[in-house]
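K.L.:
Please find start19.txt (compact mmCIF, C-alpha atoms) on the next line:
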# COMPACT_ATOMS: atom_id res chain seq x y z
CA MET A 8 -7.90 2.77 -25.72
CA SER A 9 -11.05 3.49 -23.75
CA VAL A 10 -10.96 3.29 -19.97
CA PHE A 11 -13.66 0.63 -20.20
CA ASP A 12 -11.45 -1.49 -22.47
CA SER A 13 -8.60 -1.62 -19.95
CA ALA A 14 -8.00 -5.03 -18.43
CA ALA A 15 -7.57 -3.22 -15.10
CA PHE A 16 -11.05 -1.63 -15.19
CA GLU A 17 -13.30 -3.33 -12.65
CA ASN A 18 -16.55 -1.43 -12.23
CA HIS A 19 -14.79 1.74 -11.13
CA GLU A 20 -17.23 4.48 -10.14
CA GLY A 21 -15.14 7.22 -11.72
CA VAL A 22 -11.84 7.83 -13.50
CA HIS A 23 -10.74 11.46 -13.81
CA ALA A 24 -7.89 12.69 -16.04
CA ILE A 25 -6.83 16.28 -15.29
CA PHE A 26 -4.27 18.42 -17.11
CA ASP A 27 -3.08 21.82 -15.91
CA GLU A 28 -1.26 23.66 -18.69
CA LYS A 29 0.41 26.25 -16.47
CA THR A 30 2.14 23.75 -14.16
CA GLY A 31 2.32 20.77 -16.51
CA LEU A 32 0.30 18.61 -14.12
CA LYS A 33 -0.94 15.37 -15.66
CA THR A 34 -2.86 13.36 -13.12
CA ILE A 35 -5.33 10.49 -13.12
CA ILE A 36 -7.60 10.06 -10.11
CA ALA A 37 -9.38 6.70 -10.01
CA VAL A 38 -12.31 6.11 -7.66
CA HIS A 39 -13.04 2.42 -7.44
CA SER A 40 -15.72 2.33 -4.74
CA THR A 41 -17.42 4.61 -2.24
CA ALA A 42 -19.68 1.88 -0.82
CA ARG A 43 -18.01 2.04 2.62
CA GLY A 44 -17.36 5.80 2.58
CA PRO A 45 -15.41 8.40 0.59
CA ALA A 46 -12.63 6.93 -1.50
CA ALA A 47 -9.19 7.27 0.06
CA GLY A 48 -5.71 6.42 -1.15
CA GLY A 49 -2.37 8.07 -1.73
CA CYS A 50 -0.97 9.99 -4.66
CA ARG A 51 1.94 8.43 -6.55
CA MET A 52 4.34 10.40 -8.79
CA TRP A 53 6.18 8.30 -11.35
CA PRO A 54 7.70 8.75 -14.85
CA TYR A 55 5.31 6.33 -16.53
CA ALA A 56 6.30 5.17 -19.99
CA SER A 57 2.85 6.04 -21.31
CA SER A 58 -0.50 7.41 -20.23
CA GLU A 59 -1.87 3.89 -20.65
CA ALA A 60 0.64 2.62 -18.07
CA ALA A 61 -0.38 5.40 -15.69
CA LEU A 62 -4.06 4.57 -16.16
CA THR A 63 -3.46 0.89 -15.51
CA ASP A 64 -1.58 1.69 -12.32
CA ALA A 65 -4.30 4.04 -11.08
CA LEU A 66 -7.03 1.48 -11.79
CA LYS A 67 -5.19 -1.39 -10.09
CA LEU A 68 -4.12 0.68 -7.10
CA SER A 69 -7.59 2.13 -6.51
CA ARG A 70 -9.15 -1.34 -6.56
CA ALA A 71 -6.51 -2.51 -4.12
CA MET A 72 -7.41 0.42 -1.86
CA SER A 73 -11.07 -0.62 -1.83
CA PHE A 74 -10.01 -4.10 -0.74
CA LYS A 75 -7.45 -2.75 1.74
CA ASN A 76 -9.90 -0.40 3.41
CA ALA A 77 -12.54 -3.12 3.61
CA MET A 78 -10.12 -5.58 5.19
CA ALA A 79 -8.88 -2.92 7.62
CA ASP A 80 -12.56 -2.41 8.60
CA ILE A 81 -12.49 1.36 8.22
CA PRO A 82 -15.29 3.59 6.86
CA LEU A 83 -13.57 4.44 3.59
CA GLY A 84 -13.82 3.37 -0.02
CA GLY A 85 -10.96 2.96 -2.46
CA GLY A 86 -9.28 5.54 -4.65
CA LYS A 87 -5.83 6.42 -5.92
CA ALA A 88 -4.14 9.25 -7.80
CA VAL A 89 -1.09 9.11 -10.03
CA ILE A 90 0.90 12.04 -11.35
CA ILE A 91 2.90 11.46 -14.52
CA GLY A 92 6.36 12.91 -13.95
CA ASP A 93 9.80 12.40 -12.44
CA ALA A 94 9.66 13.10 -8.71
CA ARG A 95 13.36 13.99 -8.74
CA THR A 96 13.10 16.77 -11.33
CA ASP A 97 9.47 17.72 -12.04
CA LYS A 98 8.14 18.69 -8.62
CA THR A 99 7.07 22.27 -7.91
CA PRO A 100 4.80 23.75 -5.24
CA ALA A 101 2.56 25.04 -8.03
CA LEU A 102 2.19 21.55 -9.51
CA PHE A 103 0.94 20.16 -6.20
CA GLU A 104 -1.35 23.12 -5.70
CA ALA A 105 -2.83 22.30 -9.10
CA PHE A 106 -3.20 18.71 -7.94
CA GLY A 107 -5.00 20.00 -4.84
CA ARG A 108 -7.47 21.85 -7.05
CA ALA A 109 -8.06 18.65 -9.01
CA VAL A 110 -8.84 16.77 -5.80
CA ASP A 111 -11.09 19.56 -4.59
CA GLY A 112 -13.04 19.41 -7.84
CA LEU A 113 -14.31 15.97 -6.79
CA GLY A 114 -16.11 17.54 -3.84
CA GLY A 115 -14.97 15.12 -1.14
CA GLN A 116 -15.48 11.96 -3.14
CA TYR A 117 -11.73 11.31 -2.82
CA TRP A 118 -9.24 11.96 0.00
CA THR A 119 -5.55 11.95 -0.91
CA ALA A 120 -2.25 11.45 0.94
CA GLU A 121 1.37 10.77 0.02
CA ASP A 122 2.61 7.65 -1.74
CA VAL A 123 5.66 6.70 -3.83
CA GLY A 124 7.49 9.81 -5.05
CA VAL A 125 5.35 12.18 -2.97
CA SER A 126 6.21 13.63 0.43
CA VAL A 127 4.31 15.19 3.31
CA ALA A 128 5.72 18.55 2.18
CA ASP A 129 4.25 18.02 -1.30
CA MET A 130 0.86 17.24 0.19
CA ALA A 131 1.05 20.42 2.27
CA HIS A 132 1.05 22.42 -0.99
CA ALA A 133 -1.99 20.45 -2.17
CA ARG A 134 -3.67 21.22 1.17
CA ASN A 135 -3.49 24.93 0.29
CA GLN A 136 -6.15 24.24 -2.34
CA THR A 137 -8.31 21.55 -0.74
CA ARG A 138 -9.31 20.20 2.65
CA TYR A 139 -9.35 16.62 1.35
CA VAL A 140 -5.73 15.82 2.24
CA ALA A 141 -4.59 13.58 5.08
CA GLY A 142 -1.23 12.48 6.44
CA LEU A 143 -0.13 16.00 7.33
CA GLU A 144 1.19 17.72 10.43
CA GLY A 145 0.55 20.94 12.32
CA HIS A 146 -3.07 20.63 13.47
CA ALA A 147 -4.93 18.77 16.22
CA ALA A 148 -6.30 16.12 13.86
CA ALA A 149 -2.95 15.57 12.16
CA SER A 150 -1.39 12.12 12.08
CA GLY A 151 1.76 12.94 10.11
CA ASP A 152 3.54 10.52 7.79
CA PRO A 153 1.57 7.22 7.78
CA SER A 154 4.62 5.20 6.65
CA PRO A 155 5.74 4.21 10.18
CA VAL A 156 2.26 2.85 10.91
CA THR A 157 2.25 0.93 7.62
CA ALA A 158 5.61 -0.54 8.59
CA GLU A 159 4.31 -1.51 12.03
CA GLY A 160 1.41 -3.40 10.47
CA VAL A 161 3.74 -5.14 8.00
CA PHE A 162 6.14 -6.02 10.82
CA ARG A 163 3.33 -7.66 12.80
CA GLY A 164 2.24 -9.51 9.67
CA VAL A 165 5.75 -10.78 8.91
CA ARG A 166 6.07 -11.97 12.51
CA LEU A 167 2.75 -13.83 12.26
CA CYS A 168 3.69 -15.45 8.94
CA VAL A 169 7.05 -16.59 10.32
CA GLU A 170 5.27 -18.13 13.31
CA ARG A 171 2.89 -19.98 10.96
CA ALA A 172 5.47 -21.10 8.40
CA TYR A 173 8.45 -21.83 10.64
CA GLY A 174 7.06 -22.13 14.16
CA ARG A 175 9.52 -19.58 15.56
CA ASP A 176 10.01 -15.92 16.34
CA LEU A 177 12.01 -13.46 14.23
CA LYS A 178 15.36 -13.86 15.96
CA GLY A 179 17.85 -15.25 13.45
CA VAL A 180 15.33 -15.28 10.59
CA THR A 181 16.73 -13.87 7.34
CA VAL A 182 14.50 -11.36 5.56
CA ALA A 183 15.19 -10.05 2.06
CA ILE A 184 13.69 -6.57 1.69
CA GLN A 185 13.17 -5.24 -1.83
CA GLY A 186 12.94 -1.46 -1.48
CA VAL A 187 13.96 0.64 1.52
CA GLY A 188 11.96 3.79 0.89
CA HIS A 189 9.42 5.17 3.35
CA VAL A 190 7.97 1.85 4.51
CA GLY A 191 10.88 -0.48 3.77
CA ALA A 192 13.33 1.53 5.86
CA TYR A 193 11.05 1.58 8.91
CA LEU A 194 10.33 -2.12 8.46
CA ALA A 195 14.05 -2.90 8.32
CA GLU A 196 14.63 -1.14 11.64
CA LYS A 197 11.77 -3.00 13.33
CA LEU A 198 12.94 -6.38 12.00
CA ALA A 199 16.55 -5.72 13.01
CA ALA A 200 15.40 -4.75 16.52
CA ALA A 201 13.56 -8.09 16.72
CA GLY A 202 16.77 -9.96 15.86
CA ALA A 203 16.21 -10.68 12.19
CA GLU A 204 19.10 -10.78 9.71
CA LEU A 205 18.52 -8.47 6.76
CA ILE A 206 19.44 -8.46 3.09
CA ILE A 207 18.31 -5.31 1.32
CA THR A 208 18.23 -3.72 -2.11
CA ASP A 209 17.00 -0.53 -3.73
CA VAL A 210 17.78 1.63 -6.75
CA ASN A 211 18.59 4.45 -4.31
CA GLU A 212 22.14 3.75 -3.19
CA ALA A 213 22.16 6.51 -0.59
CA ALA A 214 19.06 5.11 1.10
CA LEU A 215 20.60 1.64 1.06
CA ALA A 216 23.75 2.86 2.76
CA GLN A 217 21.77 4.66 5.46
CA VAL A 218 19.56 1.67 6.25
CA ALA A 219 22.52 -0.70 6.25
CA ALA A 220 24.39 1.56 8.65
CA ARG A 221 21.45 1.56 11.07
CA THR A 222 20.57 -2.13 10.85
CA GLY A 223 23.71 -4.02 9.82
CA ALA A 224 21.94 -5.25 6.69
CA THR A 225 23.76 -6.79 3.76
CA ILE A 226 23.33 -4.91 0.46
CA VAL A 227 22.83 -6.70 -2.87
CA PRO A 228 22.07 -5.40 -6.39
CA PRO A 229 18.36 -5.14 -7.28
CA ALA A 230 18.39 -8.11 -9.63
CA ALA A 231 20.02 -10.34 -7.01
CA ILE A 232 17.43 -9.96 -4.26
CA PHE A 233 15.40 -12.93 -5.57
CA ASP A 234 18.38 -15.28 -5.39
CA VAL A 235 19.58 -14.71 -1.83
CA ASP A 236 19.23 -17.35 0.85
CA ALA A 237 16.39 -15.80 2.85
CA ASP A 238 13.48 -17.20 4.85
CA VAL A 239 11.20 -14.27 3.98
CA PHE A 240 10.91 -12.17 0.85
CA ALA A 241 9.49 -8.74 1.69
CA PRO A 242 8.60 -6.71 -1.41
CA CYS A 243 8.43 -3.03 -0.42
CA ALA A 244 8.96 -1.30 -3.77
CA LEU A 245 6.65 -1.07 -6.79
CA GLY A 246 4.10 -3.74 -7.67
CA GLY A 247 4.45 -6.89 -9.74
CA ALA A 248 7.65 -8.12 -8.08
CA VAL A 249 6.46 -11.72 -7.74
CA THR A 250 6.29 -13.22 -11.22
CA ALA A 251 6.49 -16.82 -12.38
CA GLU A 252 10.20 -16.27 -13.05
CA THR A 253 11.09 -14.53 -9.77
CA LEU A 254 8.96 -16.93 -7.72
CA ALA A 255 11.03 -19.85 -8.98
CA ARG A 256 14.17 -18.15 -7.62
CA LEU A 257 12.94 -17.53 -4.07
CA LYS A 258 14.44 -19.80 -1.39
CA GLY A 259 12.13 -19.16 1.56
CA ARG A 260 8.56 -20.10 2.42
CA VAL A 261 7.12 -16.65 3.17
CA VAL A 262 6.28 -13.66 0.97
CA ALA A 263 5.18 -10.73 3.12
CA GLY A 264 5.92 -7.07 2.49
CA GLY A 265 4.63 -3.55 2.19
CA ALA A 266 4.30 -3.09 -1.58
CA ASN A 267 0.94 -2.86 -3.32
CA ASN A 268 -0.06 -5.36 -6.03
CA GLN A 269 2.87 -7.68 -5.29
CA LEU A 270 1.66 -10.55 -7.48
CA ALA A 271 2.13 -10.07 -11.21
CA SER A 272 -1.09 -12.02 -11.75
CA PRO A 273 -3.58 -14.15 -9.81
CA GLU A 274 -2.02 -17.20 -11.46
CA VAL A 275 1.26 -16.44 -9.70
CA GLY A 276 -0.59 -16.49 -6.40
CA ARG A 277 -1.85 -19.98 -7.12
CA MET A 278 1.66 -21.08 -8.14
CA LEU A 279 2.97 -19.74 -4.85
CA PHE A 280 0.31 -21.68 -2.94
CA GLU A 281 1.04 -24.89 -4.84
CA ARG A 282 4.73 -24.58 -3.94
CA GLY A 283 3.73 -24.68 -0.28
CA MET A 284 4.65 -21.05 0.34
CA LEU A 285 2.77 -18.63 2.57
CA TYR A 286 1.73 -15.30 1.04
CA ALA A 287 0.37 -12.44 3.15
CA PRO A 288 -2.04 -10.63 0.77
CA ASP A 289 -0.56 -7.18 0.28
CA TYR A 290 -3.68 -5.15 0.90
CA VAL A 291 -4.21 -6.95 4.21
CA ILE A 292 -0.71 -6.76 5.65
CA ASN A 293 0.01 -3.17 4.55
CA GLY A 294 -3.21 -1.56 5.81
CA GLY A 295 -1.62 0.26 8.75
CA GLY A 296 -1.01 3.51 6.92
CA ILE A 297 -4.57 3.90 5.68
CA ILE A 298 -5.83 3.12 9.19
CA ASN A 299 -3.75 6.06 10.37
CA VAL A 300 -5.17 8.22 7.58
CA ALA A 301 -8.71 7.11 8.43
CA ALA A 302 -8.23 8.30 12.00
CA GLU A 303 -7.07 11.67 10.73
CA ILE A 304 -9.99 12.02 8.31
CA ALA A 305 -12.45 11.17 11.08
CA ALA A 306 -10.86 13.76 13.36
CA ILE A 307 -10.92 16.42 10.65
CA GLU A 308 -14.58 15.76 9.91
CA ALA A 309 -15.53 15.76 13.60
CA GLY A 310 -13.33 18.69 14.57
CA THR A 311 -11.55 16.62 17.23
CA ALA A 312 -8.00 15.51 17.97
CA PHE A 313 -6.29 12.51 16.36
CA ASP A 314 -6.90 9.31 18.35
CA PRO A 315 -3.82 7.01 18.43
CA ALA A 316 -5.65 4.47 20.62
CA TRP A 317 -8.20 3.92 17.82
CA VAL A 318 -5.31 3.29 15.40
CA GLU A 319 -3.70 0.77 17.74
CA ALA A 320 -6.99 -1.09 18.14
CA LYS A 321 -7.42 -1.26 14.36
CA LEU A 322 -3.84 -2.55 13.94
CA THR A 323 -4.64 -5.34 16.37
CA THR A 324 -7.80 -6.16 14.41
CA LEU A 325 -5.82 -6.08 11.16
CA ALA A 326 -3.41 -8.73 12.45
CA ALA A 327 -6.38 -10.85 13.49
CA THR A 328 -7.87 -10.47 10.01
CA LEU A 329 -4.62 -11.66 8.45
CA GLY A 330 -4.73 -14.63 10.81
CA GLU A 331 -8.28 -15.39 9.63
CA VAL A 332 -7.13 -15.31 6.00
CA LEU A 333 -4.30 -17.73 6.79
CA ASP A 334 -6.63 -20.03 8.73
CA ARG A 335 -9.21 -20.14 5.95
CA SER A 336 -6.53 -20.75 3.33
CA LEU A 337 -5.30 -23.75 5.27
CA ALA A 338 -8.76 -25.12 6.05
CA GLU A 339 -10.17 -24.59 2.55
CA LYS A 340 -6.95 -25.50 0.72
CA ARG A 341 -7.08 -22.28 -1.30
CA PRO A 342 -4.50 -19.56 -1.98
CA THR A 343 -4.54 -16.71 0.52
CA HIS A 344 -5.13 -14.07 -2.16
CA GLU A 345 -8.31 -15.82 -3.28
CA VAL A 346 -9.59 -16.01 0.30
CA ALA A 347 -8.79 -12.35 0.94
CA ASP A 348 -10.40 -11.21 -2.32
CA GLU A 349 -13.57 -13.08 -1.41
CA MET A 350 -13.67 -11.54 2.06
CA ALA A 351 -13.04 -8.01 0.78
CA LYS A 352 -15.67 -8.26 -1.95
CA ALA A 353 -18.23 -9.54 0.56
CA ARG A 354 -17.55 -6.61 2.90
CA ILE A 355 -17.87 -4.08 0.06
CA ALA A 356 -21.03 -5.71 -1.29
CA GLY A 357 -22.53 -5.75 2.18
CA ALA A 358 -21.87 -2.03 2.63
CA ALA A 359 -23.33 -1.26 -0.80
CA ALA A 360 -26.47 -3.25 -0.01
CA ALA A 361 -26.88 -1.48 3.33
CA ARG A 362 -26.53 1.90 1.64
CA ARG A 363 -29.18 1.03 -0.96
CA ALA A 364 -31.54 -0.14 1.76
CA ALA A 365 -31.10 3.00 3.88
As structure tokens, how would this structure be written, given the file I've shared?

P.N.:
Amino acid sequence: MSVFDSAAFENHEGVHAIFDEKTGLKTIIAVHSTARGPAAGGCRMWPYASSEAALTDALKLSRAMSFKNAMADIPLGGGKAVIIGDARTDKTPALFEAFGRAVDGLGGQYWTAEDVGVSVADMAHARNQTRYVAGLEGHAAASGDPSPVTAEGVFRGVRLCVERAYGRDLKGVTVAIQGVGHVGAYLAEKLAAAGAELIITDVNEAALAQVAARTGATIVPPAAIFDVDADVFAPCALGGAVTAETLARLKGRVVAGGANNQLASPEVGRMLFERGMLYAPDYVINGGGIINVAAEIAAIEAGTAFDPAWVEAKLTTLAATLGEVLDRSLAEKRPTHEVADEMAKARIAGAAAARRAA
């Protein structure tokens, strides 16, 4: 299958497949748009069933990053990298150094960071081969792991959605969190501190036990998370969690979480809207991490120190943007994902037009 024949291809500027025989690296770097600036997005390592599945994920995730960065109002375009492999058994420093060389070969068109299956330590090995890595530690511009900032943005978004849907604060609200990895674990702690009751699941039993011990959360099997009696469903694992089948099983009125590409299809988003449920578009609510990364990239490029005040200001703006999406959805009687898509596309098109005119 040609890249151009993929249903996930949407005018991507570049799709790069790189193989390194010595380390076994198989990576796909997808650059969706550089209209607002260099493409930026994390690197995901996953044992994809096929190269086609990896390509589809890279294409979808890079498009989502373009939309996320536009809605976060940061000077970055959208890109994403995926590495085909099992993060539990296939990682080596040499593999990530090879990945760093692949990133460097794009000459600054794409900035990378960690994502599912990839750690800050892994990215440090990539940094040995390229300067185009963010989310690291140990230098003045460093911001460290962006996951806590992603979780903070999601927390603020969940709080806003609960206010809109239920007219109350988070105390006593039950939140079902699917996935307690980097972002989900931090989100659980923030929600618990705000008085929410938590029900959690993950395929990683050790992580579940640790989060439950810290937050008092109830643990359920992965397949059961859709059936629990919860006010909010917070998908924080891989994409596609909200399908026609799983949507019918949800009890609450809010879907708001940290995962990318939460809706299995746009049609599911419309079904959600028609059921009277409130959906926080994923690439709006989970933009905190890339805001953090954007601050680091700006500091690296300028040779200055990381500016946490700039990040905080952008997080505040992000919450306001989510509020605007919710307001327009209500006023225009349209699903939130359609409103957000329209806003993101307009911002990207505006930047592209300005660049052509310059």

K.L.:
Using all atoms listed in the file, which residue out of A:Val291, A:Ala65, A:Val190, A:Val318 lies closest to Asp152 in chain A?

P.N.:
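Distance minimum relative to Asp152 in chain A lands on A:Val190.
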
K.L.:
Report as a Markdown table: every residue of range 280-323 of chain A with an atom at most 9 Å from range 40-50 of chain A, its closest pair of atoms, and their distance in Å to one decimal, counting all atoms listed in the file, with rows sorted by chain and ascending residue number.

P.N.:
| residue | atom | partner | partner_atom | distance |
| --- | --- | --- | --- | --- |
| A:Ile297 | CA | A:Gly48 | CA | 7.4 |
| A:Val300 | CA | A:Ala47 | CA | 8.6 |
| A:Ala301 | CA | A:Ala47 | CA | 8.4 |

K.L.:
Would you mind listing, for every residue of range 30-74 of chain A within 12 Å of range 268-282 of chain A, the two atoms forming the shortest contact and the distance between them in Å to one decimal, using all atoms listed in the file, sorted by chain and ascending residue number, as CSV?

P.N.:
residue,atom,partner,partner_atom,distance
A:Thr63,CA,A:Asn268,CA,11.9
A:Asp64,CA,A:Asn268,CA,9.6
A:Ala65,CA,A:Asn268,CA,11.5
A:Leu66,CA,A:Asn268,CA,11.3
A:Lys67,CA,A:Asn268,CA,7.7
A:Leu68,CA,A:Asn268,CA,7.4
A:Ser69,CA,A:Asn268,CA,10.6
A:Arg70,CA,A:Asn268,CA,10.0
A:Ala71,CA,A:Asn268,CA,7.3
A:Met72,CA,A:Asn268,CA,10.2
A:Phe74,CA,A:Asn268,CA,11.3

K.L.:
Listed atoms of range 40-43 of chain A, axis-aligned box, 4 Å per side: centre and edge lengths to one decimal in Å, as AutoDock Vina command-line options?

P.N.:
--center_x -17.7 --center_y 3.2 --center_z -1.1 --size_x 12.0 --size_y 10.7 --size_z 15.4

K.L.:
Return the single residue from A:Ala244, A:Val125, A:Ala219, A:Met78 that is closest to Val346 in chain A, with distances computed using only C-alpha atoms.

P.N.:
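When distances to Val346 in chain A are compared using only C-alpha atoms, the smallest one comes from A:Met78.
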
K.L.:
Within 12 Å of (24.2, -1.5, 10.1), in the coordinates the file gives, what residues turn up when you count only C-alpha atoms, written out as a list in words?

P.N.:
Ala195, Glu196, Ala199, Ala200, Glu204, Leu205, Ile206, Ile207, Leu215, Ala216, Gln217, Val218, Ala219, Ala220, Arg221, Thr222, Gly223, Ala224, Thr225 and Ile226 of chain A

K.L.:
Between A:Ala128, A:Val123, A:Ala37, A:Val239, single out the one closest to Thr181 in chain A, counting all atoms listed in the file.

P.N.:
A:Val239

K.L.:
Using all atoms listed in the file, which residues sit within 12 Å of Ser126 in chain A once same-chain residues fewer than 3 positions away are excluded, as an NGL selection string?

P.N.:
:A and (49-52 or 94-95 or 98 or 100 or 103 or 119-123 or 129-133 or 141-144 or 151-154 or 188-189)

K.L.:
Skipping near chain neighbours, those fewer than 2 positions away, what residues fall within 7 Å of range 324-341 of chain A using all atoms listed in the file, listed as an mmCIF file with C-alpha atoms, in the frame of the given file?

P.N.:
data_model
loop_
_atom_site.group_PDB
_atom_site.id
_atom_site.type_symbol
_atom_site.label_atom_id
_atom_site.label_comp_id
_atom_site.auth_asym_id
_atom_site.auth_seq_id
_atom_site.Cartn_x
_atom_site.Cartn_y
_atom_site.Cartn_z
ATOM 1 C CA ALA A 79 -8.880 -2.920 7.620
ATOM 2 C CA ARG A 163 3.330 -7.660 12.800
ATOM 3 C CA GLY A 164 2.240 -9.510 9.670
ATOM 4 C CA VAL A 291 -4.210 -6.950 4.210
ATOM 5 C CA ILE A 292 -0.710 -6.760 5.650
ATOM 6 C CA ALA A 320 -6.990 -1.090 18.140
ATOM 7 C CA LYS A 321 -7.420 -1.260 14.360
ATOM 8 C CA LEU A 322 -3.840 -2.550 13.940
ATOM 9 C CA THR A 343 -4.540 -16.710 0.520
ATOM 10 C CA GLU A 345 -8.310 -15.820 -3.280
ATOM 11 C CA VAL A 346 -9.590 -16.010 0.300
ATOM 12 C CA ALA A 347 -8.790 -12.350 0.940
#

K.L.:
Rank nothing, just name the residue among A:Ala353, A:Val10, A:Val187, A:Ala158 nearest to Val22 in chain A, using all atoms listed in the file.

P.N.:
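Looking at the shortest contact to Val22 in chain A, the residue is A:Val10.
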
K.L.:
In Å, rounded to a single decimal, give me how far CA of Val262 in chain A is from CA of Ala287 in chain A.

P.N.:
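CA of Val262 in chain A lies 6.4 Å from CA of Ala287 in chain A.
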